[in-house]
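Data first, discussion second: the structure below is written as structure tokens.
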Protein chains: 2
Amino acid sequence: MHGLMQNMPLMISSLIGHAERNHGDTEIVSRETTGGIHRYTYRDAHRRARQLARALLSLGVKPADRVATLAWNNHRHFELYYGVSGLGAILNTVNPRLFPEQVAYIVNHAEDGLVFFDLTFLPLVEGIAPHCKGVRSWVAMCDRARLPDSKLDLLCYEDLVNAHSDDYEWPEFDERTASSLCYTSGTTGNPKGALYSHRSTVLHAYGSALPDALNLSARDTVLPVVPLFHVNAWGLPYACALAGSKLVMPGPQLDGASLYELFEQEQVTVSAGVPTIWLGLLQHLQAKGLKLSTVQRLVIGGSAAPPAMIRTFDDAFGVTVLHAWGMTEMSPLGTVNTPKGKHLKLSAAERDKLRLNQGRPIYGVDMKIVDDEGRELPRDGKAFGDLLVRGPWIVSGYFKGEGGNVLREGGWFPTGDVATLDADGYMQITDRSKDVIKSGGEWISSIELENLAVSHPAVAEAAVIGVAHPKWDERPMLVVVRKPDQALTREQLLDFMRDKVAKWWLPDDVVFVDSLPHTATGKLLKTKLREDFRSHKLPS
Amino acid sequence: MHGLMQNMPLMISSLIGHAERNHGDTEIVSRETTGGIHRYTYRDAHRRARQLARALLSLGVKPADRVATLAWNNHRHFELYYGVSGLGAILNTVNPRLFPEQVAYIVNHAEDGLVFFDLTFLPLVEGIAPHCKGVRSWVAMCDRARLPDSKLDLLCYEDLVNAHSDDYEWPEFDERTASSLCYTSGTTGNPKGALYSHRSTVLHAYGSALPDALNLSARDTVLPVVPLFHVNAWGLPYACALAGSKLVMPGPQLDGASLYELFEQEQVTVSAGVPTIWLGLLQHLQAKGLKLSTVQRLVIGGSAAPPAMIRTFDDAFGVTVLHAWGMTEMSPLGTVNTPKGKHLKLSAAERDKLRLNQGRPIYGVDMKIVDDEGRELPRDGKAFGDLLVRGPWIVSGYFKGEGGNVLREGGWFPTGDVATLDADGYMQITDRSKDVIKSGGEWISSIELENLAVSHPAVAEAAVIGVAHPKWDERPMLVVVRKPDQALTREQLLDFMRDKVAKWWLPDDVVFVDSLPHTATGKLLKTKLREDFRSHKLPS
């Protein structure tokens with residue numbers, strides 16, 4: 001027997017409709033790609049998103065068609081979020097920082113018929129256009145006066161919008177309909193597309209606005225540093241409309257000074273981005289002796305937040321750092337680190353320790369950790385295993401079936417992370433699944449050993465990899481870069497580590513090198529290291 | 001094209017599962033019907049809800065079967081919320097304060113096969129049992145030692161639970177499946193049932209926990225004074241599990257002293273109930289010179305909160321009163337009064353004024369106001385019309401089709417309230433649709449006139465009703481109870497009101513009476529008044 005409740009689908013268009021009706025004069029402020037500040041309201045944005053939808057229809061866009069963006073965080077990109085998905089088409093936000101061949105691969109794989117781009121990316125667009133035959137039009141996100149000369153026959157965003165009336169009603173359709181498409185930037189193989197739906201996006205917006213997630217209200221002013229081309233800017237363009245928060249879009253200028261200026265001018269209360277951004281801001285604040293007068297919370301994700309940074313923001317600036325974790329395949333939010341009632345009485349040191357982990361799952365995200373055989377491991381804060389997740393805003397597979405059936409038994413998605421869970425629900429990542437060292441049936445965390453090694457004063461950087469071992473399958477070895485002019489021997493370093501880890505975790509060998517291989521985004525490239533040391537002979 | 005997101009239905013059982021995994025040691029504290037405090041955790045509650053589900057299955061309960069409760073707010077009632085709905089059956093929470101004939105009507109109309117009751121209600125149960133032939137078993141919510149002698153063959157709750165293991169996995173099924181059934185206590189006709197679904201309940205839980213709604217986190221301790229037999233205690237048993245808030249259940253003792261004791265002992269941060277409750281608490285606090293040391297927010301709904309009370313709680317006790325509005329047909333939450341960023345700079349007097357209205361809609365609730373012809377009226381804070389609502393947690397009809405097709409064109413549900421909406425989304429109820437006076441095609445608010453009349457120092461109580469008029473269709477007349485020993489004439493009162501309302505709003509007549517008719521819950525019974533004065537001759 002069904003309940004007798006209204007059968008209303010969860011539609012992305014209802015988010016902007018809600019914002020217009022109830023927060024019509026709340027501002028969306030953008031730093032434009034061409035400089036200067038653009039300022040308008042949710043009412044204006046909704047009107048222009050409807051004009052845009054009519055423009056898209058006039059360009060032949062049909063439901064399920066893919067429309068790409070190569071764009072910064074600004075009001076036009078926001079309009080595309082609602083205009084494209086609202087009419088039933090699919091917004092494919094492409095990361096313009098990828099190699100041009102990857103951008104072209106994504107545009108072709110997604111079969112994008114239109115590409116909207118900010119002027120910054122004209123050279124990129126001109127470079128890939130010959131390889132993207134499926135693109136019918138390239139649309140420059142500017143007005144007629146700024147439309148650049150190009151060998152391409154460009155359309156002008158403002159002309160398109162202005163040519164159409166806002167007399168358009170968003171259609172209602174099945175909430176499972178695809179709404180947007182983000183490609184993961186996997187270190188191996190081609191990027192794979194996560195295809196979100198209206199349902200998953202709206203549920204994620206509810207979940208991410210909750211008090212123990214990003215805690216968004218109509219009293220907040222939110223500045224997403226995280227790009228709109230990166231997992232929907234962690235969902236903020238949706239969650240802010242849900243909550244009626246003022247939005248501040250930083251455009252291309254993400255340095256500490258530019259962000260600080262916007263924070264103060266627009267009285268930002270919440271911002272979100274990766275640790276590098278906040279280190280830049282912190283350096284600017286400290287160099288200039290500045291204070292943050294309105295910021296309350298900084299959300300950090302993408303990689304683990306350095307403890308010292310969390311403490312400095314809290315102590316010196318009165319800003320709470322929210323440590324969050326997620327992934328493209330999770331829309332992206334999985335966990336946020338907020339304290340419970342019982343933690344409010346802890347000492348500062350104890351709470352510091354608590355907030356270094358990745359936090360508790362938002363309702364809607366189930367997590368468990370399993371061993372090699374898929375057996376669930378205890379939630380004791382000690383056992384670590386492959387982290388599996390499940391929920392209505394987590395992928396069931398990739399676009400066009402790339403990667404095959406990715407789910408484990410019971411519908412669980414393997415995150416590729418190794419983690420602990422504790423009895424309070426807090427999750428801590430201890431390794432990547434592909435980096436963990438499996439020795440004699442037990443697992444050894446490469447990250448924990450690396451953290452220990454770099455805590456030695458003579459070590460600049462360290463990597464731990466597993467090397468084949470006849471008896472134990474794998475044993476850890478340590479690859480170390482010394483600090484300049486520091487002497488340090490294999491035995492000295494092992495002695496330093498010896499009483500700080502379980503005996504069987506101690507690396508079997510230490511090798512000193514001049515530098516370690518990194519990815520373009522600065523992450524350790526362990527695949528390369530493992531190749532280099534594939535036939536390394538461990539001392540017996 | 002569908003998105004590629006996991007196809008997980010929104011299930012009520014996933015709320016308690018989430019609470020157990022992530023808030024296993026968070027407490028649920030209950031004042032027992034038999035006195036004393038019961039204390040356990042979400043982990044215990046989940047275990048016992050699973051045992052209960054097995055017990056229900058062993059008693060022959062099948063999916064879609066209705067199971068009734070006549071019970072206070074306590075841990076067993078909480079277990080029934082999850083145990084019954086979790087297995088796919090429907091929990092029918094019945095208001096034990098209704099007349100026995102109404103209770104019997106509901107039990108028969110719902111076709112409840114089992115009735116769970118607190119010992120307080122044994123006489124009620126014994127009284128209605130002969131008229132409720134469909135009930136297979138009456139279950140006393142107590143242990144064997146407290147099982148009362150009865151002419152009925154009672155089952156014992158604790159025996160049932162203890163006879164079954166917790167080895168039970170909640171089934172997954174269509175999220176639109178009915179989960180619970182609450183009857184409205186309409187003033188006219190028989191009660192009608194609102195039939196909630198798993199989907200509507202989970203979405204309502206997300207919406208109600210948001211920062212601009214009840215703002216629930218794992219740092220909160222929530223005491224629902226609003227009964228679990230009244231629209232699911234405003235959804236708190238679900239929203240608290242979602243947020244991991246500690247729950248404190250007050251049992252039958254809702255007087256100021258008992259509530260104060262629980263507030264302080266359990267360090268309650270949030271409570272929710274009708275204005276009468278908070279007046280009782282306030283009197284107790286003021287009489288004894290007490291402070292509230294942990295309470296941050298009191299949610300008020302059910303009827304409008306008196307301004308003086310809101311101010312006193314804020315000024316004298318540092319407690320924020322959240323004015324909320326909803327109805328059984330809305331699960332129930334529609335609006336909550338919280339300020340926006342732009343209001344934070346208002347003067348205290350301006351903010352006071354702002355928070356007297358019923359607040360802004362939670363995302364998920366659409367509202368509009370319409371005139372007699374169904375034309376939408378402006379959102380200008382002045383025009384008032386019939387308030388219509390729409391959304392996934394609002395009814396599409398009543399159980400068994402009672403009342404026929406209740407929705408207006410476009411799927412809008414008429415609330416029966418008359419209200420204004422302003423450009424910021426704030427809603428203010430100005431009348432009940434059936435009480436508004438329609439004079440010459442324009443509407444006159446009976447409530448505004450009543451409020452004005454009672455602001456005269458000699459008036460104890462006032463009611464305004466419409467009386468038939470040959471030219472204007474209806475004209476307002478005022479029925480007044482004078483304060484003891486006060487002299488007040490018709491002309492004096494009209495003179496007092498004359499310059500405070502539009503000329504054509506001024507009542508055509510004033511009649512003084514000794515008392516006004518009220519419903520059992522203390523509301524003015526205007527149907528009776530309209531009958532009494534049906535042939536009243538207005539002076540010309």
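Lettering and numbering for the structure tokens are positional, with chains as A, B, ... in the shown order, residues counted from 1 in each chain, and ligands counted from 1 in the shown order.
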Chain B residues near chain A (6 Å cut-off, only C-alpha atoms) as a PyMOL selection string: chain B and resi 1-6+8+22-23+64+176-178+195-197+210-212+217-219+242+340-341+363+392+394-397+424-425
Contacts of B:Ser445 within 12 Å, only C-alpha atoms, excl. fewer than 2 positions in-chain, as a PyMOL selection string: chain B and resi 382-386+417-420+428-439+442-443+447-452+463-466+475-477+501-502+504-507
Those in stretch 239-343 of chain A with strand (DSSP E or B) from DSSP, as a ChimeraX atom specification: /A:246-249,270-273,297-300,320-326,333-336
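Atom pair atom CA of A:Gly83 / atom CA of A:Arg136: separated by 18.4 Å.
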DSSP-assigned alpha helix (DSSP H) members of stretch 120-348 of chain B, reported as a PyMOL selection string: chain B and resi 122-128+157-162+198-209+231-234+236-243+256-266+275-288+307-317+348
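For the atom pair formed by atom CA of A:Arg355 and atom CA of A:Thr269, the distance is 20.2 Å, given to one decimal.
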Neighbour list for A:Pro237 as a ChimeraX atom specification, cut-off 10 Å, only C-alpha atoms, skip fewer than 6 positions in-chain: /A:15-16,73,77-79,81-82,205,222,224,228,245,247,249
Length of the atom CA of A:Gly441 to atom CA of A:Met497 vector [Å]: 22.5 Å
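Between A:Thr34 and the candidates A:Ser271, A:Asn190, A:Thr120, A:Asn337, the tightest atom-to-atom separation, counting only C-alpha atoms, involves A:Thr120.
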Shortest interatomic distance to B:Arg351 - which of B:Val115, B:Val319, B:Val479, B:Ile310, counting only C-alpha atoms: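 For B:Arg351, the nearest of the given residues is B:Ile310.
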A:Asp509 surroundings by only C-alpha atoms, 7 Å radius, close-in-sequence under 5 positions cut, as a count of residues only: 4
